[in-house]
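Below: the structure, in structure tokens.
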Amino acid sequence: MSTPSKGLSEFVAEATEILDTLAQDLLTLDERRGEDVDPDLLNGIFRAAHSLKGLAGMFGQDRVAQLAHRSEDLLDRLRLGKVELGPAALDGLIATIDVFQALLAESARGEASPEVTQRSQALADHLLRLAEGAPRAPEDPLAGIGLDPGVRAVLTEYEEHRLRENLKKGLSLWKVRAAFDLSDFDQRLQEVNAKLKPLGEVISTLPSAEPGAGTGIAFDLLFGTRRSEDELRAAVAAMPVALQRIAQAAPPSTASAPPPQGEAAAAPARPERRKRKRGTSRATGTPPIPERSGPAEPALEAAEPTLPAVDEESAALAPVTPLPTRTPPVTPKPELDASLRSLTQTVRVDIRRLDALMNAVGELLLTRANLQRLAETARMGGVHAISKLWAQELHRETRQLERKLDELQKGILDVRMVPLGQVFDKLARLVRRIARSAGKEIDFVITGGEVELDKLIVEELSDPLMHIIRNAIDHGVEPPEVRVQNGKPRRATIALRALQQGNHVVIEIQDDGPGIDLARVREVAIARGLITAVQADEMSVRELQNLIFLPGFSTARSVSQLSGRGVGLDVVKTNIANLSGIIDLHSTPGQGTLLSITLPLTLAIIRALVVSVSGRTYAVPLNSVLEILSVESSEIRTIERREVVTLRGQTLPFVRLCRLFGLPEVPLKRHYVVVVGLAQERLGIAVDELVGQQDIVTKPLGGRLQHVRGISGATDLGNRRTVLVLDVGALVEEVLAPERRADFI
Amino acid sequence: MPRFEELLEDFFYRPEEDVGALFDAGGIIEAPAAAAVEESPEEYLAFRLADETYAVRIGVVREIVKVPPLTEVPRSSAELLGVINLRGEVLPVYDLKLRLRLSTVPAPIAGPDANLAALPKSARILIVHDPEGDAGVLVDAVLEVVKLRPSTLEAPPRAVSGGDRSPITGIGRRREQLFILLDLAQALP
């Protein structure tokens, strides 16, 4: 027995939910046996079966998908009136619930027993035969009514069916012509609908063939009702509508009107159809058996005799006894019917509820920090004469609280974690599709789908990843012929990797294509006016490569189906930066490109570096801190008046936070420089002191302070003082792109 | 006072001041004997700024809190004194005196040089509702809830309401006492 993966348990959870709805609706249908079928109910069941089919297909659960497919087919024919919803069809459908449950139970355990497979097969075949049952009597009650052929031609199959049903029940059919002014017709139409609905069924709403007066628009509503003409007229008296009867309601007792004729025509047809159906069931039921191989055969034959029995019973129109008819197609299997407990242990939770819990934990963490401080003071002898024992006890209890709180925090963070595979699988499908349409041959290799990240991050990540991969396919992979010419394997490889490194997750997208064409990048950047030719000559390879992340840089000349959808890598960069992520790019001409994204595990609680400048305290999210340097004042140089420091032979832009924020400057010989990275940019931020590291919960600044530059939020460090959290991305942007910013100020 | 107790005071949850008593205290103005129309008085919260008495509609006031040390926001206007963290919600606090030209320097309650002792002991922060986001305003004292009949309100004197965007919407009068009525949506930057 294999352990089911997280993906599979998700499938079981979701499928169980759908199945619950399905079962509930089917039972409602069952309770109303013999009554008129509510079309909405039947439509609902049809949709549930459809969803189940889609879901099962997505997770490769073929057995569930196949049975759902057959149910859907039958339901579709039922709702279109091609097959009558008799006891046989209903029993067949109800039987599916047990089988679905058995299938899901096995899926949950990661098994697939032959018995259940056979049961499911047999039932699917049974449903197929039900669906292929003979069509209804050919007499068309619609022929005899005053319905314009032009109108009939535009009705959907379903609407026609509803028309027939209404006629069969002996209801009046009305054509309600409603003319409205163009300005408010949708609202007025709704009003008319609201008036009519309680009285009967609005079968179809069609724009009228005859145009309304002047600026107006007219609709024909086909409406079936049991009510009298007077009632109907009274209901719509205040509306700009005209009524025209197209079929007369049958007086309850007399058999003069067309509907009873339809009924009469249908009645004799019924036994005949049953017989024929039984005939076809044999005819269609037998041939498939030889096609199927080996072990399935005996069981099918064993199941076979019970199936016609259902038909016989209902054909004889024996008093409806649901119990015996419902069970026969299903070979009872005690294990499966034994328990009413649901299959999954899963609870679906709105992510916002988890956010609220997380908030509460954040507040608790602050209280904890306060308590720790108190306990520490007390232990050190403090200012009060407290018994030593008491102080020790307080200290011990605080430690205990601390441990439990850590568990709680970790638990909530864990709940928010989902595997990256969720996104990766979607991307795999996308790659197949777009590779085909681009005429490229690509092996898409995924590793690390099991790595987990905060749900919020995974959601936000899917679009950027999609862009990057589209780009990789569009620009990063040569057509097969070119690859062969260049001595590369015909099929290109795009690898998508995820791996966890401590508190970070690194996602890499690597192709073995031609690499970034620097000459072309240079040309485009100059053509778009992003840089001048002189600037371009001074740029390093790395700087040139990074030009592709600039807004307005997109080498796609037109909006192609692939990457050039008007959004480029600049959007990717922004999205990743919003997640406190860092993008890095390495490209080797002729060998390919590697894009790596480093992300924090979660955004809810982050580790921050607490720094102080001119007596003020700020928090810097640690996930954007690359390293910390200690720099002598004498090491600071200026280039065009901008300060830089040299880090391992490279020039690092440098900014003093106190100057940037306009705070009084404390003269210092030695600065601490926090090197931060955002996407591919690096910046050194000079601070006076490093205070320490701490887990923080960042609270956004309210609506009024959104425009404050360089601050992403505020947090509490446990001493009841609010501390601002630096927005590293905005600071890097502000310092490194002053020319662009100068336009706004 | 010993440090330990100070720490405790700091640590314990500090409930916001109960304004319930103020509501009860609000004196109902005796209606003039011949009230032409039945008119329900509106409630205003009166507070002191410098030596003037102002009032805002009671409905805009969310709560009243004691003044904690504020965290200054770099590169913001002088009117923004700083932010406070009110039960997990970060709120800006503004200095109305600067806006109303009752003072030229912001109250020293934010940043490392904060000196809360320089404020009157009765100083409070009113947390007010605002469509642009709730905010706090610093006042020297919260006085009472007054009920004023709309018909008794006077338009602000021309000399006072400088310009179209004046936050002063009128003058309320109770016997000899004047209440300057403020529209906080205009008063907040």
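Ordering of the structure tokens sets the chain letters (A, B, ...); residue numbers start at 1 within each chain; ligands are numbered from 1 in the order shown.
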Specify as a PyMOL selection string all residues of chain A found within 7 Å of chain B, counting only C-alpha atoms. chain A and resi 370+383-384+615-616+661-662+699+701-704+714+722-723
For the selection you just gave me, I'd like the residues written to a file as a PDB file, in the first residue's frame, keeping N, CA, C and O atoms.
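As a result, out04.pdb now contains:
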ATOM      1  N   ASN A 370       7.436  40.491  26.495  1.00  0.00           N
ATOM      2  CA  ASN A 370       7.301  41.296  27.708  1.00  0.00           C
ATOM      3  C   ASN A 370       7.509  40.449  28.955  1.00  0.00           C
ATOM      4  O   ASN A 370       8.192  40.855  29.885  1.00  0.00           O
ATOM      5  N   VAL A 383      14.596  45.028  41.393  1.00  0.00           N
ATOM      6  CA  VAL A 383      14.547  46.155  42.292  1.00  0.00           C
ATOM      7  C   VAL A 383      13.743  45.792  43.519  1.00  0.00           C
ATOM      8  O   VAL A 383      13.837  46.431  44.547  1.00  0.00           O
ATOM      9  N   HIS A 384      12.922  44.748  43.378  1.00  0.00           N
ATOM     10  CA  HIS A 384      12.087  44.347  44.496  1.00  0.00           C
ATOM     11  C   HIS A 384      12.696  43.142  45.159  1.00  0.00           C
ATOM     12  O   HIS A 384      13.315  42.315  44.501  1.00  0.00           O
ATOM     13  N   GLY A 615      19.162  57.362  16.910  1.00  0.00           N
ATOM     14  CA  GLY A 615      18.259  57.127  18.028  1.00  0.00           C
ATOM     15  C   GLY A 615      16.916  56.526  17.664  1.00  0.00           C
ATOM     16  O   GLY A 615      16.108  56.246  18.528  1.00  0.00           O
ATOM     17  N   ARG A 616      16.646  56.372  16.370  1.00  0.00           N
ATOM     18  CA  ARG A 616      15.399  55.739  15.935  1.00  0.00           C
ATOM     19  C   ARG A 616      15.667  54.277  15.609  1.00  0.00           C
ATOM     20  O   ARG A 616      16.739  53.941  15.129  1.00  0.00           O
ATOM     21  N   PHE A 661      16.584  59.783   5.260  1.00  0.00           N
ATOM     22  CA  PHE A 661      15.363  60.072   6.014  1.00  0.00           C
ATOM     23  C   PHE A 661      15.373  61.469   6.622  1.00  0.00           C
ATOM     24  O   PHE A 661      14.431  61.841   7.320  1.00  0.00           O
ATOM     25  N   GLY A 662      16.446  62.225   6.392  1.00  0.00           N
ATOM     26  CA  GLY A 662      16.506  63.580   6.926  1.00  0.00           C
ATOM     27  C   GLY A 662      16.549  63.615   8.437  1.00  0.00           C
ATOM     28  O   GLY A 662      15.935  64.472   9.072  1.00  0.00           O
ATOM     29  N   LYS A 699       2.555  44.954  10.218  1.00  0.00           N
ATOM     30  CA  LYS A 699       1.210  45.492  10.019  1.00  0.00           C
ATOM     31  C   LYS A 699       1.307  46.580   8.955  1.00  0.00           C
ATOM     32  O   LYS A 699       2.190  47.426   9.036  1.00  0.00           O
ATOM     33  N   LEU A 701       0.739  50.031   7.043  1.00  0.00           N
ATOM     34  CA  LEU A 701       0.325  51.369   7.456  1.00  0.00           C
ATOM     35  C   LEU A 701      -1.034  51.605   6.835  1.00  0.00           C
ATOM     36  O   LEU A 701      -1.291  51.203   5.716  1.00  0.00           O
ATOM     37  N   GLY A 702      -1.906  52.245   7.549  1.00  0.00           N
ATOM     38  CA  GLY A 702      -3.274  52.402   7.074  1.00  0.00           C
ATOM     39  C   GLY A 702      -3.393  53.192   5.781  1.00  0.00           C
ATOM     40  O   GLY A 702      -2.399  53.654   5.221  1.00  0.00           O
ATOM     41  N   GLY A 703      -4.633  53.321   5.337  1.00  0.00           N
ATOM     42  CA  GLY A 703      -4.920  53.962   4.067  1.00  0.00           C
ATOM     43  C   GLY A 703      -4.287  55.338   3.911  1.00  0.00           C
ATOM     44  O   GLY A 703      -3.833  55.719   2.845  1.00  0.00           O
ATOM     45  N   ARG A 704      -4.215  56.096   5.026  1.00  0.00           N
ATOM     46  CA  ARG A 704      -3.708  57.470   4.922  1.00  0.00           C
ATOM     47  C   ARG A 704      -2.208  57.527   4.699  1.00  0.00           C
ATOM     48  O   ARG A 704      -1.686  58.545   4.276  1.00  0.00           O
ATOM     49  N   ALA A 714       4.509  48.609   9.964  1.00  0.00           N
ATOM     50  CA  ALA A 714       5.014  48.834  11.312  1.00  0.00           C
ATOM     51  C   ALA A 714       4.903  47.537  12.081  1.00  0.00           C
ATOM     52  O   ALA A 714       4.142  46.642  11.711  1.00  0.00           O
ATOM     53  N   THR A 722       6.255  51.071  18.822  1.00  0.00           N
ATOM     54  CA  THR A 722       6.031  50.685  17.447  1.00  0.00           C
ATOM     55  C   THR A 722       7.276  51.018  16.633  1.00  0.00           C
ATOM     56  O   THR A 722       7.874  52.069  16.818  1.00  0.00           O
ATOM     57  N   VAL A 723       7.660  50.087  15.789  1.00  0.00           N
ATOM     58  CA  VAL A 723       8.864  50.260  14.991  1.00  0.00           C
ATOM     59  C   VAL A 723       8.489  50.139  13.520  1.00  0.00           C
ATOM     60  O   VAL A 723       7.686  49.284  13.154  1.00  0.00           O
TER      61      VAL A 723
END
I'd like the contact shell of Leu29 (chain A) - 12 Å cut-off, only C-alpha atoms, skipping same-chain residues fewer than 6 positions apart - returned as an NGL selection string. :A and (22-23 or 35-45 or 85-87 or 89-91 or 93-94)
Contacts of region 358-363 of chain A at 8 Å or less, counting only C-alpha atoms, minus same-chain residues fewer than 5 places along, as an mmCIF file with C-alpha atoms, in the first residue's frame?
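Saved as part_38.cif:
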data_model
loop_
_atom_site.group_PDB
_atom_site.id
_atom_site.type_symbol
_atom_site.label_atom_id
_atom_site.label_comp_id
_atom_site.auth_asym_id
_atom_site.auth_seq_id
_atom_site.Cartn_x
_atom_site.Cartn_y
_atom_site.Cartn_z
ATOM 1 C CA LEU A 405 3.939 29.439 21.730
ATOM 2 C CA LEU A 408 1.513 27.147 18.104
ATOM 3 C CA GLN A 409 3.210 29.527 15.729
ATOM 4 C CA ILE A 412 -0.281 27.728 12.109
ATOM 5 C CA ALA A 604 3.107 36.114 7.898
ATOM 6 C CA ILE A 605 5.941 36.195 10.403
ATOM 7 C CA ILE A 696 8.098 40.290 13.557
ATOM 8 C CA VAL A 697 4.558 40.490 12.300
ATOM 9 C CA GLY B 88 -2.515 45.630 16.176
#
Write out as a tab-separated table a residue-level contact list of region 54-88 of chain B versus region 169-183 of chain B with cut-off 12 Å: for each qualifying residue the closest pair of atoms and the distance in Å to one decimal, counting only C-alpha atoms, rows sorted by chain and residue number upward.
residue	atom	partner	partner_atom	distance
B:Tyr54	CA	B:Ile180	CA	4.5
B:Ala55	CA	B:Leu181	CA	4.9
B:Val56	CA	B:Leu182	CA	5.4
B:Arg57	CA	B:Leu182	CA	8.2
B:Ile58	CA	B:Leu182	CA	11.3
B:Gly59	CA	B:Asp183	CA	11.8
B:Val60	CA	B:Asp183	CA	9.7
B:Val61	CA	B:Asp183	CA	11.9
Can I get the selected residues back with C-alpha atoms, as a PDB file, in the first residue's frame?
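Result went into again.pdb, see below:
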ATOM      1  CA  TYR B  54     -13.768  72.698  19.770  1.00  0.00           C
ATOM      2  CA  ALA B  55     -16.395  70.072  19.074  1.00  0.00           C
ATOM      3  CA  VAL B  56     -16.868  67.284  16.566  1.00  0.00           C
ATOM      4  CA  ARG B  57     -19.897  65.135  15.883  1.00  0.00           C
ATOM      5  CA  ILE B  58     -19.859  62.311  18.379  1.00  0.00           C
ATOM      6  CA  GLY B  59     -20.400  59.782  15.587  1.00  0.00           C
ATOM      7  CA  VAL B  60     -16.947  60.288  14.106  1.00  0.00           C
ATOM      8  CA  VAL B  61     -15.183  59.519  17.381  1.00  0.00           C
TER       9      VAL B  61
END
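The interatomic distance for the pair CA of Glu229 (chain A) and CA of Arg245 (chain A) works out to 8.8 Å.
Summary of the local environment: counting only C-alpha atoms, residues at most 12 Å from Arg432 (chain A), other than itself and those fewer than 6 positions away along its chain, are A:Asp425, A:Lys426, A:Ala438, A:Gly439, A:Lys440, A:Glu441, A:Ile442, A:Asp443, A:Phe444, A:Val445, A:Ile469, A:Arg470, A:Ile473, A:Ile494.
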Using only C-alpha atoms, which protein or nucleic acid residues come within 12 Å of region 518-530 of chain A? Drop anything in the same chain fewer than 2 positions from it, and give the result as a PyMOL selection string. chain A and resi 475+514-516+532-557+587-590+739-740
Next, write the just-selected residues to a file, as a CSV table (one decimal), in the first residue's frame, keeping N, CA and C atoms as the atom set.
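File selection35.csv, as written:
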chain,number,residue,atom,x,y,z
A,475,HIS,N,11.8,32.7,-26.2
A,475,HIS,CA,13.1,33.3,-26.5
A,475,HIS,C,14.2,32.3,-26.1
A,514,PRO,N,19.9,29.4,-26.5
A,514,PRO,CA,21.0,30.2,-27.0
A,514,PRO,C,21.5,31.2,-25.9
A,515,GLY,N,20.9,31.3,-24.8
A,515,GLY,CA,21.3,32.4,-23.9
A,515,GLY,C,20.8,33.7,-24.3
A,516,ILE,N,21.1,34.7,-23.5
A,516,ILE,CA,20.6,36.1,-23.8
A,516,ILE,C,21.5,36.7,-24.8
A,532,THR,N,21.4,55.3,-23.2
A,532,THR,CA,22.1,55.8,-24.3
A,532,THR,C,23.2,54.9,-24.8
A,533,ALA,N,23.7,55.1,-26.0
A,533,ALA,CA,24.7,54.3,-26.5
A,533,ALA,C,26.0,54.4,-25.7
A,534,VAL,N,26.2,55.6,-25.2
A,534,VAL,CA,27.4,55.8,-24.3
A,534,VAL,C,27.3,55.0,-23.0
A,535,GLN,N,26.1,55.1,-22.4
A,535,GLN,CA,25.9,54.3,-21.2
A,535,GLN,C,26.1,52.8,-21.5
A,536,ALA,N,25.5,52.4,-22.6
A,536,ALA,CA,25.6,51.0,-23.0
A,536,ALA,C,27.1,50.5,-23.1
A,537,ASP,N,27.9,51.4,-23.6
A,537,ASP,CA,29.3,51.0,-23.8
A,537,ASP,C,30.0,50.8,-22.4
A,538,GLU,N,29.5,51.5,-21.4
A,538,GLU,CA,30.1,51.4,-20.1
A,538,GLU,C,29.6,50.3,-19.2
A,539,MET,N,28.5,49.6,-19.7
A,539,MET,CA,27.9,48.6,-18.9
A,539,MET,C,28.6,47.3,-18.9
A,540,SER,N,28.5,46.6,-17.8
A,540,SER,CA,29.1,45.3,-17.7
A,540,SER,C,28.1,44.3,-18.3
A,541,VAL,N,28.6,43.1,-18.5
A,541,VAL,CA,27.7,42.1,-19.1
A,541,VAL,C,26.5,41.9,-18.2
A,542,ARG,N,26.8,41.8,-16.9
A,542,ARG,CA,25.7,41.6,-15.9
A,542,ARG,C,24.6,42.7,-16.0
A,543,GLU,N,25.1,44.0,-16.1
A,543,GLU,CA,24.2,45.1,-16.2
A,543,GLU,C,23.4,45.0,-17.4
A,544,LEU,N,24.0,44.7,-18.5
A,544,LEU,CA,23.3,44.5,-19.8
A,544,LEU,C,22.2,43.5,-19.7
A,545,GLN,N,22.6,42.4,-19.1
A,545,GLN,CA,21.6,41.3,-19.0
A,545,GLN,C,20.4,41.7,-18.2
A,546,ASN,N,20.7,42.6,-17.1
A,546,ASN,CA,19.6,43.0,-16.3
A,546,ASN,C,18.7,44.0,-16.9
A,547,LEU,N,19.1,44.5,-18.1
A,547,LEU,CA,18.2,45.5,-18.8
A,547,LEU,C,16.9,44.8,-19.1
A,548,ILE,N,16.8,43.5,-19.2
A,548,ILE,CA,15.6,42.9,-19.6
A,548,ILE,C,14.5,43.0,-18.6
A,549,PHE,N,14.9,43.4,-17.4
A,549,PHE,CA,13.9,43.5,-16.3
A,549,PHE,C,13.3,45.0,-16.2
A,550,LEU,N,13.8,45.8,-17.1
A,550,LEU,CA,13.3,47.2,-17.1
A,550,LEU,C,11.9,47.3,-17.7
A,551,PRO,N,11.1,48.2,-17.1
A,551,PRO,CA,9.8,48.4,-17.7
A,551,PRO,C,9.9,48.9,-19.2
A,552,GLY,N,9.1,48.4,-20.0
A,552,GLY,CA,9.2,48.9,-21.4
A,552,GLY,C,10.2,48.1,-22.3
A,553,PHE,N,10.9,47.2,-21.6
A,553,PHE,CA,11.8,46.4,-22.4
A,553,PHE,C,11.1,45.1,-22.8
A,554,SER,N,10.7,44.9,-24.0
A,554,SER,CA,10.2,43.6,-24.4
A,554,SER,C,10.6,43.4,-25.8
A,555,THR,N,11.3,42.3,-26.1
A,555,THR,CA,11.8,42.2,-27.4
A,555,THR,C,10.8,41.7,-28.4
A,556,ALA,N,9.7,41.2,-27.9
A,556,ALA,CA,8.6,40.7,-28.7
A,556,ALA,C,8.1,41.9,-29.5
A,557,ARG,N,8.0,41.8,-30.8
A,557,ARG,CA,7.6,43.0,-31.6
A,557,ARG,C,6.1,43.2,-31.6
A,587,SER,N,23.4,33.9,-17.6
A,587,SER,CA,23.2,33.4,-19.0
A,587,SER,C,24.6,33.2,-19.6
A,588,THR,N,24.7,32.1,-20.3
A,588,THR,CA,25.9,31.8,-21.0
A,588,THR,C,25.6,31.6,-22.4
A,589,PRO,N,26.2,32.5,-23.3
A,589,PRO,CA,25.8,32.4,-24.7
A,589,PRO,C,26.0,31.0,-25.3
A,590,GLY,N,25.0,30.6,-26.0
A,590,GLY,CA,25.1,29.3,-26.6
A,590,GLY,C,24.7,28.1,-25.7
A,739,GLU,N,17.2,59.4,-11.3
A,739,GLU,CA,16.8,60.1,-12.5
A,739,GLU,C,15.3,59.9,-12.8
A,740,ARG,N,14.9,58.7,-12.8
A,740,ARG,CA,13.5,58.4,-13.1
A,740,ARG,C,12.6,59.0,-12.1
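Among A:Arg164, A:Arg483, A:Arg721, A:Arg348, the residue with the shortest atom-to-atom distance to Ala13 (chain A), counting only C-alpha atoms, is A:Arg348.
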Residues within 6 Å of region 170-179 of chain A, please, as a compact mmCIF listing (two decimals) with N, CA, C and O atoms, in the first residue's frame. Count only C-alpha atoms; anything in the same chain fewer than 2 positions from it doesn't count.
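Writing the result to part_18.txt gives the following:
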# COMPACT_ATOMS: atom_id res chain seq x y z
N ASN A 166 -43.86 21.34 -20.72
CA ASN A 166 -44.95 22.20 -20.28
C ASN A 166 -46.25 21.85 -20.99
O ASN A 166 -47.31 21.84 -20.39
N LEU A 167 -46.11 21.56 -22.30
CA LEU A 167 -47.31 21.20 -23.06
C LEU A 167 -47.87 19.89 -22.55
O LEU A 167 -49.08 19.72 -22.39
N LYS A 168 -46.95 18.96 -22.28
CA LYS A 168 -47.38 17.64 -21.86
C LYS A 168 -48.15 17.71 -20.56
O LYS A 168 -49.08 16.97 -20.33
N GLY A 212 -38.88 46.84 -31.59
CA GLY A 212 -39.76 47.64 -30.77
C GLY A 212 -39.88 49.04 -31.34
O GLY A 212 -39.20 49.41 -32.30
N ILE A 217 -36.25 48.29 -27.45
CA ILE A 217 -35.85 46.95 -27.79
C ILE A 217 -36.95 46.04 -27.24
O ILE A 217 -37.51 46.30 -26.18
N ALA A 218 -37.29 45.01 -28.01
CA ALA A 218 -38.38 44.14 -27.58
C ALA A 218 -37.91 42.72 -27.40
O ALA A 218 -36.98 42.27 -28.07
N PHE A 219 -38.53 42.04 -26.45
CA PHE A 219 -38.18 40.65 -26.18
C PHE A 219 -39.43 39.80 -26.25
O PHE A 219 -40.53 40.26 -25.93
N ASP A 220 -39.24 38.56 -26.68
CA ASP A 220 -40.31 37.58 -26.57
C ASP A 220 -39.94 36.61 -25.47
O ASP A 220 -38.90 35.95 -25.55
N LEU A 221 -40.78 36.52 -24.47
CA LEU A 221 -40.55 35.53 -23.43
C LEU A 221 -41.53 34.39 -23.63
O LEU A 221 -42.73 34.62 -23.71
N LEU A 222 -41.01 33.20 -23.75
CA LEU A 222 -41.89 32.04 -23.82
C LEU A 222 -42.14 31.60 -22.39
O LEU A 222 -41.21 31.35 -21.63
N PHE A 223 -43.42 31.50 -22.06
CA PHE A 223 -43.77 31.33 -20.67
C PHE A 223 -44.84 30.26 -20.54
O PHE A 223 -45.84 30.27 -21.24
N GLY A 224 -44.57 29.31 -19.68
CA GLY A 224 -45.55 28.25 -19.46
C GLY A 224 -46.16 28.40 -18.09
O GLY A 224 -45.44 28.61 -17.11
N THR A 225 -47.49 28.32 -18.03
CA THR A 225 -48.12 28.50 -16.71
C THR A 225 -49.42 27.72 -16.62
O THR A 225 -50.06 27.38 -17.62
N ARG A 226 -49.78 27.45 -15.38
CA ARG A 226 -51.04 26.78 -15.09
C ARG A 226 -52.11 27.83 -14.81
O ARG A 226 -53.30 27.50 -14.79
N PRO A 240 -44.93 47.06 -19.54
CA PRO A 240 -45.16 47.31 -20.97
C PRO A 240 -45.06 46.01 -21.75
O PRO A 240 -44.17 45.81 -22.55
N VAL A 241 -45.99 45.10 -21.49
CA VAL A 241 -45.92 43.81 -22.17
C VAL A 241 -47.23 43.49 -22.85
O VAL A 241 -48.30 43.97 -22.47
N ALA A 242 -47.13 42.68 -23.89
CA ALA A 242 -48.31 42.19 -24.58
C ALA A 242 -48.32 40.68 -24.49
O ALA A 242 -47.28 40.03 -24.63
N LEU A 243 -49.50 40.11 -24.26
CA LEU A 243 -49.59 38.66 -24.10
C LEU A 243 -50.22 38.03 -25.35
O LEU A 243 -51.15 38.56 -25.93
N GLN A 244 -49.67 36.91 -25.72
CA GLN A 244 -50.27 36.19 -26.83
C GLN A 244 -50.23 34.72 -26.48
O GLN A 244 -49.17 34.16 -26.19
N ARG A 245 -51.40 34.08 -26.50
CA ARG A 245 -51.44 32.68 -26.12
C ARG A 245 -51.00 31.84 -27.31
O ARG A 245 -51.44 32.04 -28.43
N ILE A 246 -50.07 30.92 -27.09
CA ILE A 246 -49.69 30.06 -28.20
C ILE A 246 -50.11 28.61 -27.98
O ILE A 246 -50.07 27.80 -28.87
N ALA A 247 -50.51 28.28 -26.77
CA ALA A 247 -51.11 26.97 -26.57
C ALA A 247 -52.02 27.05 -25.37
O ALA A 247 -51.69 27.65 -24.36
N GLN A 248 -53.19 26.40 -25.51
CA GLN A 248 -54.23 26.48 -24.49
C GLN A 248 -53.98 25.46 -23.40
O GLN A 248 -53.54 24.35 -23.68
N ALA A 249 -54.21 25.88 -22.18
CA ALA A 249 -54.12 24.91 -21.10
C ALA A 249 -55.24 23.91 -21.21
O ALA A 249 -56.35 24.24 -21.62
N ALA A 250 -54.95 22.69 -20.87
CA ALA A 250 -55.98 21.66 -20.94
C ALA A 250 -56.84 21.76 -19.70
O ALA A 250 -56.32 21.81 -18.59
N PRO A 259 -52.14 18.54 -25.17
CA PRO A 259 -51.30 17.85 -24.19
C PRO A 259 -51.73 16.43 -23.88
O PRO A 259 -50.90 15.53 -23.94
